[in-house]
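structure02.txt follows; it contains compact mmCIF, C-alpha atoms and all ligand atoms.
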# COMPACT_ATOMS: atom_id res chain seq x y z
CA MET A 309 307.33 -23.83 154.90
CA HIS A 310 304.41 -24.42 157.21
CA PHE A 311 304.58 -20.94 158.72
CA MET A 312 303.19 -19.49 155.54
CA SER A 313 300.57 -22.08 154.76
CA GLU A 314 297.49 -20.02 155.58
CA SER A 315 295.38 -20.04 152.41
CA VAL A 316 294.51 -16.74 150.81
CA ILE A 317 293.30 -17.97 147.43
CA LEU A 318 291.58 -21.31 147.06
CA ILE A 319 290.67 -22.63 143.63
CA LYS A 320 288.87 -25.94 143.28
CA ASN A 321 288.06 -27.75 140.05
CA LEU A 322 287.87 -24.53 138.08
CA ASN A 323 286.75 -24.69 134.45
CA LYS A 324 286.38 -21.89 131.98
CA THR A 325 284.86 -22.19 128.54
CA TYR A 326 284.62 -18.93 126.59
CA LYS A 327 281.48 -18.09 124.63
CA ASN A 328 283.06 -19.28 121.40
CA GLY A 329 283.39 -22.76 122.93
CA PHE A 330 287.10 -22.56 123.68
CA GLN A 331 288.04 -24.26 126.92
CA ALA A 332 290.71 -22.08 128.49
CA LEU A 333 290.89 -23.72 131.94
CA LYS A 334 290.47 -27.41 132.70
CA ASP A 335 289.90 -28.60 136.24
CA VAL A 336 292.33 -26.20 137.85
CA SER A 337 292.89 -26.50 141.61
CA LEU A 338 295.34 -24.31 143.50
CA ASP A 339 295.92 -23.25 147.07
CA ILE A 340 297.90 -20.02 147.34
CA HIS A 341 299.33 -19.20 150.74
CA LYS A 342 299.61 -15.96 152.62
CA GLY A 343 302.93 -14.24 152.14
CA GLU A 344 304.27 -16.35 149.32
CA ILE A 345 305.46 -15.36 145.89
CA PHE A 346 303.73 -17.76 143.58
CA GLY A 347 305.11 -18.04 140.06
CA LEU A 348 302.56 -19.12 137.48
CA LEU A 349 304.47 -20.26 134.45
CA GLY A 350 303.25 -21.26 131.04
CA PRO A 351 303.46 -20.42 127.35
CA ASN A 352 301.25 -17.89 125.61
CA GLY A 353 297.67 -19.08 125.53
CA ALA A 354 298.10 -21.42 128.51
CA GLY A 355 295.33 -19.73 130.49
CA LYS A 356 297.32 -17.58 132.97
CA THR A 357 295.49 -14.33 132.34
CA THR A 358 292.13 -16.10 132.30
CA LEU A 359 292.90 -17.56 135.71
CA ILE A 360 293.95 -14.20 137.15
CA ASN A 361 290.94 -12.46 135.66
CA ILE A 362 288.60 -14.97 137.26
CA VAL A 363 290.17 -14.50 140.70
CA ALA A 364 290.04 -10.71 140.25
CA GLY A 365 286.37 -10.94 139.23
CA LEU A 366 286.83 -9.65 135.68
CA VAL A 367 285.84 -12.91 133.99
CA PHE A 368 283.14 -15.33 135.11
CA LYS A 369 284.02 -18.96 135.66
CA THR A 370 282.07 -21.76 133.99
CA SER A 371 282.27 -24.10 137.00
CA GLY A 372 284.28 -24.72 140.13
CA GLU A 373 285.00 -22.75 143.26
CA VAL A 374 287.17 -19.66 143.72
CA THR A 375 287.56 -17.90 147.04
CA VAL A 376 289.77 -15.08 148.27
CA MET A 377 290.30 -14.98 152.04
CA GLY A 378 287.39 -17.34 152.39
CA LYS A 379 284.91 -15.35 150.30
CA ASP A 380 283.49 -16.28 146.92
CA VAL A 381 284.88 -14.00 144.19
CA GLU A 382 281.53 -13.66 142.41
CA LYS A 383 279.15 -13.49 145.36
CA GLU A 384 281.36 -11.21 147.43
CA TYR A 385 283.10 -9.35 144.68
CA ARG A 386 283.42 -6.02 146.49
CA PHE A 387 285.23 -7.64 149.39
CA THR A 388 287.49 -9.88 147.35
CA ARG A 389 288.34 -7.20 144.79
CA SER A 390 289.32 -4.81 147.57
CA LYS A 391 291.96 -7.30 148.73
CA ILE A 392 293.51 -7.56 145.28
CA GLY A 393 295.92 -5.34 143.40
CA LEU A 394 295.95 -6.25 139.74
CA VAL A 395 298.67 -5.23 137.33
CA GLN A 396 297.26 -6.23 134.01
CA GLN A 397 299.28 -7.48 131.12
CA GLU A 398 298.16 -4.88 128.58
CA LEU A 399 299.25 -1.30 128.93
CA ALA A 400 296.20 0.90 129.06
CA ALA A 401 296.48 4.55 130.02
CA ASP A 402 293.94 7.27 129.48
CA PRO A 403 295.60 9.77 127.12
CA PHE A 404 294.49 12.85 129.04
CA LEU A 405 294.63 11.89 132.73
CA LYS A 406 297.81 12.84 134.54
CA VAL A 407 299.71 10.23 136.55
CA GLU A 408 298.69 11.60 139.95
CA GLU A 409 295.07 12.04 138.82
CA TYR A 410 295.06 8.41 137.81
CA LEU A 411 296.22 7.35 141.23
CA ARG A 412 293.71 9.58 143.02
CA LEU A 413 290.90 8.27 140.88
CA GLN A 414 291.84 4.71 141.74
CA ALA A 415 292.03 5.56 145.45
CA GLY A 416 288.54 7.04 145.14
CA TYR A 417 287.31 3.89 143.47
CA PHE A 418 288.33 1.94 146.55
CA GLY A 419 286.80 4.54 148.84
CA ILE A 420 290.10 5.74 150.30
CA ARG A 421 289.66 9.34 151.47
CA SER A 422 293.14 10.46 152.40
CA ALA A 423 295.42 8.77 149.94
CA ASP A 424 297.94 11.60 149.58
CA ALA A 425 300.72 10.06 151.66
CA ARG A 426 300.25 6.69 150.02
CA ILE A 427 300.32 8.23 146.54
CA GLU A 428 303.48 10.22 147.36
CA GLN A 429 305.19 7.03 148.52
CA LEU A 430 304.20 5.14 145.38
CA LEU A 431 305.33 7.97 143.11
CA LYS A 432 308.68 7.77 144.87
CA ASP A 433 308.98 3.96 144.95
CA LEU A 434 308.14 3.70 141.27
CA LYS A 435 310.30 6.64 140.26
CA LEU A 436 307.35 8.58 138.94
CA ASP A 437 307.92 11.80 140.95
CA ASP A 438 308.84 13.89 137.96
CA LYS A 439 306.03 12.46 135.83
CA ARG A 440 303.19 13.21 138.22
CA LYS A 441 301.81 15.98 136.01
CA SER A 442 302.34 14.10 132.76
CA PRO A 443 299.29 12.93 130.85
CA GLY A 444 299.01 9.28 129.85
CA ARG A 445 299.67 10.02 126.20
CA SER A 446 303.13 11.40 126.94
CA LEU A 447 304.38 8.37 128.88
CA SER A 448 306.77 5.77 127.49
CA GLY A 449 305.87 2.09 127.75
CA GLY A 450 308.03 1.69 130.85
CA MET A 451 306.43 4.72 132.49
CA LYS A 452 302.96 3.42 131.76
CA ARG A 453 303.93 0.13 133.35
CA ARG A 454 305.19 1.95 136.46
CA MET A 455 301.96 3.90 136.64
CA MET A 456 299.87 0.75 136.36
CA ILE A 457 301.85 -0.86 139.16
CA ALA A 458 301.37 2.21 141.36
CA LYS A 459 297.67 2.21 140.52
CA ALA A 460 297.35 -1.44 141.52
CA LEU A 461 298.98 -0.75 144.89
CA VAL A 462 297.09 2.41 145.84
CA HIS A 463 294.65 0.62 148.18
CA ASP A 464 297.49 -1.35 149.82
CA PRO A 465 296.12 -4.75 148.80
CA GLU A 466 296.91 -8.02 150.58
CA ILE A 467 297.24 -9.86 147.29
CA VAL A 468 299.06 -8.60 144.22
CA PHE A 469 298.79 -10.08 140.76
CA LEU A 470 301.56 -9.20 138.37
CA ASP A 471 300.62 -10.46 134.93
CA GLU A 472 303.78 -10.53 132.81
CA PRO A 473 305.05 -7.37 134.46
CA THR A 474 308.46 -7.38 132.81
CA ALA A 475 307.49 -8.27 129.25
CA GLY A 476 309.26 -5.74 127.09
CA VAL A 477 310.50 -3.48 129.90
CA ASP A 478 314.00 -2.06 130.31
CA VAL A 479 316.58 -3.42 132.72
CA GLU A 480 316.12 -0.59 135.19
CA LEU A 481 312.39 -1.12 135.56
CA ARG A 482 312.92 -4.83 135.83
CA GLU A 483 315.36 -4.43 138.71
CA ASN A 484 313.09 -1.84 140.28
CA LEU A 485 310.18 -4.25 140.06
CA TRP A 486 312.11 -7.18 141.49
CA SER A 487 313.10 -5.14 144.51
CA LEU A 488 309.52 -3.91 144.89
CA VAL A 489 308.31 -7.53 144.87
CA ARG A 490 310.85 -8.42 147.56
CA THR A 491 309.76 -5.43 149.64
CA MET A 492 306.13 -6.50 149.35
CA ARG A 493 307.08 -10.00 150.45
CA LYS A 494 308.68 -8.56 153.58
CA MET A 495 305.33 -6.89 154.25
CA HIS A 496 303.70 -10.37 154.05
CA LYS A 497 301.81 -9.57 150.88
CA THR A 498 300.88 -12.49 148.69
CA ILE A 499 302.19 -12.13 145.17
CA ILE A 500 301.18 -14.05 142.09
CA LEU A 501 303.53 -13.50 139.23
CA THR A 502 302.97 -14.79 135.74
CA THR A 503 305.89 -14.78 133.42
CA HIS A 504 307.46 -16.72 130.68
CA TYR A 505 310.88 -15.53 131.78
CA LEU A 506 312.01 -18.56 133.72
CA GLU A 507 314.94 -16.72 135.28
CA GLU A 508 312.48 -14.25 136.80
CA ALA A 509 310.53 -17.03 138.48
CA GLU A 510 313.77 -18.67 139.55
CA ALA A 511 314.93 -15.43 141.16
CA LEU A 512 311.69 -14.48 142.90
CA ALA A 513 309.25 -17.32 143.45
CA ASP A 514 308.76 -19.39 146.59
CA ARG A 515 306.56 -21.85 144.73
CA VAL A 516 305.94 -22.37 141.06
CA ALA A 517 303.12 -23.86 139.04
CA ILE A 518 303.31 -24.81 135.40
CA ILE A 519 300.18 -24.45 133.32
CA ASN A 520 299.79 -25.52 129.72
CA GLN A 521 296.70 -25.65 127.54
CA GLY A 522 294.47 -24.86 130.50
CA ARG A 523 295.83 -27.57 132.79
CA ILE A 524 298.07 -27.30 135.83
CA LEU A 525 300.92 -29.74 135.27
CA LEU A 526 302.96 -29.11 138.39
CA VAL A 527 302.90 -27.18 141.67
CA GLU A 528 306.03 -27.32 143.78
CA GLU A 529 308.29 -25.36 146.07
CA LYS A 530 310.95 -23.84 143.92
CA GLU A 531 313.89 -24.91 146.07
CA LYS A 532 312.66 -28.48 146.17
CA LEU A 533 312.12 -28.50 142.42
CA LEU A 534 315.61 -27.18 141.79
CA SER A 535 317.29 -29.60 144.19
CA ASP A 536 315.27 -32.61 142.97
CA HIS A 537 316.19 -31.93 139.36
CA GLY A 538 319.60 -30.36 139.80
CA THR A 539 319.00 -28.18 136.75
CA PRO A 540 317.84 -24.61 136.18
CA LEU A 541 314.11 -23.95 136.18
CA ALA A 542 314.18 -23.38 132.42
CA ASP A 543 315.23 -27.00 131.85
CA ILE A 544 312.57 -28.34 134.19
CA TYR A 545 309.96 -26.20 132.45
CA ARG A 546 310.98 -27.60 129.08
CA LYS A 547 310.28 -31.12 130.30
CA TYR A 548 306.69 -30.14 130.97
CA VAL A 549 305.96 -27.75 128.18
CA ASN A 550 306.59 -28.70 124.61
CA GLN A 551 308.39 -25.68 123.22
CA ASP A 552 306.52 -26.07 119.92
CA ASN A 553 303.49 -24.74 121.78
CA ASN A 554 305.38 -21.70 122.90
CA VAL A 555 304.50 -19.29 120.11
N1 LIG A 601 287.41 -13.66 125.47
C1 LIG A 601 287.93 -14.78 124.93
N2 LIG A 601 287.20 -15.54 124.08
C2 LIG A 601 287.70 -16.67 123.55
N3 LIG A 601 288.93 -17.15 123.80
C3 LIG A 601 289.70 -16.44 124.65
C4 LIG A 601 289.25 -15.23 125.25
N4 LIG A 601 290.24 -14.76 126.05
C5 LIG A 601 291.25 -15.64 125.94
N5 LIG A 601 290.94 -16.65 125.10
C6 LIG A 601 291.78 -17.79 124.74
O1 LIG A 601 292.04 -18.54 125.91
C7 LIG A 601 293.37 -19.05 125.88
C8 LIG A 601 294.09 -18.62 127.12
O2 LIG A 601 294.33 -17.22 127.06
P1 LIG A 601 295.05 -16.44 128.22
O3 LIG A 601 294.37 -16.75 129.48
O4 LIG A 601 295.17 -15.04 127.81
O5 LIG A 601 296.48 -17.15 128.21
P2 LIG A 601 297.91 -16.63 128.73
O6 LIG A 601 297.68 -15.46 129.61
O7 LIG A 601 298.50 -17.80 129.43
O8 LIG A 601 298.70 -16.27 127.52
C9 LIG A 601 294.00 -18.54 124.59
O9 LIG A 601 293.89 -19.56 123.63
C10 LIG A 601 293.14 -17.36 124.23
O10 LIG A 601 293.12 -17.16 122.85
MG MG A 602 298.40 -13.58 129.58
Structure encoded using structure tokens:
Amino acid sequence: MHFMSESVILIKNLNKTYKNGFQALKDVSLDIHKGEIFGLLGPNGAGKTTLINIVAGLVFKTSGEVTVMGKDVEKEYRFTRSKIGLVQQELAADPFLKVEEYLRLQAGYFGIRSADARIEQLLKDLKLDDKRKSPGRSLSGGMKRRMMIAKALVHDPEIVFLDEPTAGVDVELRENLWSLVRTMRKMHKTIILTTHYLEEAEALADRVAIINQGRILLVEEKEKLLSDHGTPLADIYRKYVNQDNNV
């Protein structure tokens, strides 16, 4: 699909060794294109969150090159971070802040002055209207997840990372999220989705990568992968990832 091959994230020979000596990423190279939904698949501990955190500037790389829209994620952090919406894997909500206060605070963080219309739209899209005055401590897991997604989208980022967004969520939120992802794609956003639900990647992704033990094992267009193998994505995945690793 050459029409969407403009690079937005370029990763070259990326390595990450944590302070305790553990090597979480090994020579990772990836080229993520504008407007695609990129499914990053791999078992727990494969290095998915580490990779995302490095691109989002939350974790420092050990070596290699990482750029977002042509700018280095460490040297030009303010620029690159402003292009990224990050929905983190862990649910973290301040117990006292109300949903709408959360969103306003985040808008302020990105220097957006008049975020009211945007916030209203997000509250609606994520079915949070009636929770706007609810403090973090009163929200269910699903509601917290919705709030975190809204928070990540407040500054209307070009690139959205969804790190295991549907782990442990109910069917309604899952469907809601899938349709939100498809809407964002129509708006030419670039979406990086990590999941270990293969059916999710099969339903949403344009391209998929498989990562295991810090190494990228495969990067391919989903349709090509499916037609080459003639089996569901889950079966292809199993050929690459030894399920014994998948704790
Ligand atoms: N701060 C850290 N210090 C040491 N090891 C870490 C740290 N963060 C993650 N790891 C390890 O790096 C590996 C990859 O973790 P992570 O990127 O969270 O994988 P995934 O998101 O694919 O489950 C795991 O073995 C994890 O225990
Ligand atoms: Mg993770």
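One distance worth recording is that between atom CA of A:Met495 and atom CA of A:Val477, which is 25.1 Å.
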Sorted per-residue table, stretch 374-453 of chain A near stretch 479-489 of chain A, closest atoms and distance, 9 Å, all atoms listed in the file, as a Markdown table:
| residue | atom | partner | partner_atom | distance |
| --- | --- | --- | --- | --- |
| A:Asp433 | CA | A:Leu488 | CA | 7.9 |
| A:Leu434 | CA | A:Asn484 | CA | 7.5 |
| A:Lys435 | CA | A:Asn484 | CA | 8.9 |
| A:Gly450 | CA | A:Leu481 | CA | 7.0 |
| A:Met451 | CA | A:Leu481 | CA | 8.9 |
| A:Arg453 | CA | A:Leu481 | CA | 8.8 |
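Atom pair atom CA of A:Lys356 / atom CA of A:Gln414: separated by 24.6 Å.
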What would the list of residues within 7 Å of (306.9, -19.3, 140.4) (file frame) look like as a ChimeraX atom specification, if all atoms listed in the file are what count?
/A:345-349,501,509-510,513-517
Taking only C-alpha atoms and all ligand atoms into account, which residues are within 9 Å of ligand LIG 601 (chain A), as a ChimeraX atom specification?
/A:324-333,349-361,367,397,471-472,502-503,519-522
Export, as a PDB file, in the coordinates of the input, the selected residues with C-alpha atoms.
ATOM      1  CA  LYS A 324     286.380 -21.890 131.980  1.00  0.00           C
ATOM      2  CA  THR A 325     284.860 -22.190 128.540  1.00  0.00           C
ATOM      3  CA  TYR A 326     284.620 -18.930 126.590  1.00  0.00           C
ATOM      4  CA  LYS A 327     281.480 -18.090 124.630  1.00  0.00           C
ATOM      5  CA  ASN A 328     283.060 -19.280 121.400  1.00  0.00           C
ATOM      6  CA  GLY A 329     283.390 -22.760 122.930  1.00  0.00           C
ATOM      7  CA  PHE A 330     287.100 -22.560 123.680  1.00  0.00           C
ATOM      8  CA  GLN A 331     288.040 -24.260 126.920  1.00  0.00           C
ATOM      9  CA  ALA A 332     290.710 -22.080 128.490  1.00  0.00           C
ATOM     10  CA  LEU A 333     290.890 -23.720 131.940  1.00  0.00           C
ATOM     11  CA  LEU A 349     304.470 -20.260 134.450  1.00  0.00           C
ATOM     12  CA  GLY A 350     303.250 -21.260 131.040  1.00  0.00           C
ATOM     13  CA  PRO A 351     303.460 -20.420 127.350  1.00  0.00           C
ATOM     14  CA  ASN A 352     301.250 -17.890 125.610  1.00  0.00           C
ATOM     15  CA  GLY A 353     297.670 -19.080 125.530  1.00  0.00           C
ATOM     16  CA  ALA A 354     298.100 -21.420 128.510  1.00  0.00           C
ATOM     17  CA  GLY A 355     295.330 -19.730 130.490  1.00  0.00           C
ATOM     18  CA  LYS A 356     297.320 -17.580 132.970  1.00  0.00           C
ATOM     19  CA  THR A 357     295.490 -14.330 132.340  1.00  0.00           C
ATOM     20  CA  THR A 358     292.130 -16.100 132.300  1.00  0.00           C
ATOM     21  CA  LEU A 359     292.900 -17.560 135.710  1.00  0.00           C
ATOM     22  CA  ILE A 360     293.950 -14.200 137.150  1.00  0.00           C
ATOM     23  CA  ASN A 361     290.940 -12.460 135.660  1.00  0.00           C
ATOM     24  CA  VAL A 367     285.840 -12.910 133.990  1.00  0.00           C
ATOM     25  CA  GLN A 397     299.280  -7.480 131.120  1.00  0.00           C
ATOM     26  CA  ASP A 471     300.620 -10.460 134.930  1.00  0.00           C
ATOM     27  CA  GLU A 472     303.780 -10.530 132.810  1.00  0.00           C
ATOM     28  CA  THR A 502     302.970 -14.790 135.740  1.00  0.00           C
ATOM     29  CA  THR A 503     305.890 -14.780 133.420  1.00  0.00           C
ATOM     30  CA  ILE A 519     300.180 -24.450 133.320  1.00  0.00           C
ATOM     31  CA  ASN A 520     299.790 -25.520 129.720  1.00  0.00           C
ATOM     32  CA  GLN A 521     296.700 -25.650 127.540  1.00  0.00           C
ATOM     33  CA  GLY A 522     294.470 -24.860 130.500  1.00  0.00           C
TER      34      GLY A 522
END
Which one of A:Leu405, A:Thr539, A:Arg386, A:Glu398 sits closest to ligand MG 602 (chain A) if you count only C-alpha atoms and all ligand atoms?
A:Glu398
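In this comparison, which uses all atoms listed in the file, the residue of A:Ile427, A:Val376, A:Leu470, A:Leu366 approaching ligand MG 602 (chain A) most closely is A:Leu470.
With only C-alpha atoms as the atoms that count, the minimum distance from A:Lys406 to the choices A:Gly419, A:Gly378, A:Gly343, A:Pro443 is reached by A:Pro443.
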Residues near A:Val468, cut-off 12 Å, only C-alpha atoms, skip fewer than 4 positions along chain, as JSON, numbers by chain:
{"A": [316, 317, 340, 342, 343, 344, 345, 346, 347, 360, 363, 364, 389, 390, 391, 392, 393, 394, 395, 396, 457, 458, 459, 460, 461, 462, 463, 464, 473, 488, 489, 492, 493, 495, 496, 497, 498, 499, 500, 501, 502]}
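Closest approach to ligand MG 602 (chain A) among A:Arg440, A:Leu338, A:His504, A:Ser535 is made by A:His504 (distances from all atoms listed in the file).
Proximity to A:Thr375 was assessed for A:Lys320, A:Arg412, A:Lys441, A:Lys547 counting all atoms listed in the file; the smallest distance is recorded for A:Lys320.
Separating atom CA of A:Arg426 from atom CA of A:Pro465 is a distance of 12.2 Å.
Closest approach to A:Glu409 among A:Ser442, A:Gly365, A:Lys383, A:Lys494: A:Ser442, based on only C-alpha atoms.
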Show me as a ChimeraX atom specification the residues that reach within 10 Å of (305.1, 1.9, 127.7), counting all atoms listed in the file and using the file's own coordinates.
/A:398-401,444-455,476-477
What's around A:His341 at 6 Å? Count all atoms listed in the file, leave out sequence neighbours fewer than 6 positions away in its own chain, and write the answer as an mmCIF file with C-alpha atoms, in the frame of the given file.
data_model
loop_
_atom_site.group_PDB
_atom_site.id
_atom_site.type_symbol
_atom_site.label_atom_id
_atom_site.label_comp_id
_atom_site.auth_asym_id
_atom_site.auth_seq_id
_atom_site.Cartn_x
_atom_site.Cartn_y
_atom_site.Cartn_z
ATOM 1 C CA SER A 313 300.570 -22.080 154.760
ATOM 2 C CA GLU A 314 297.490 -20.020 155.580
ATOM 3 C CA SER A 315 295.380 -20.040 152.410
ATOM 4 C CA VAL A 316 294.510 -16.740 150.810
#
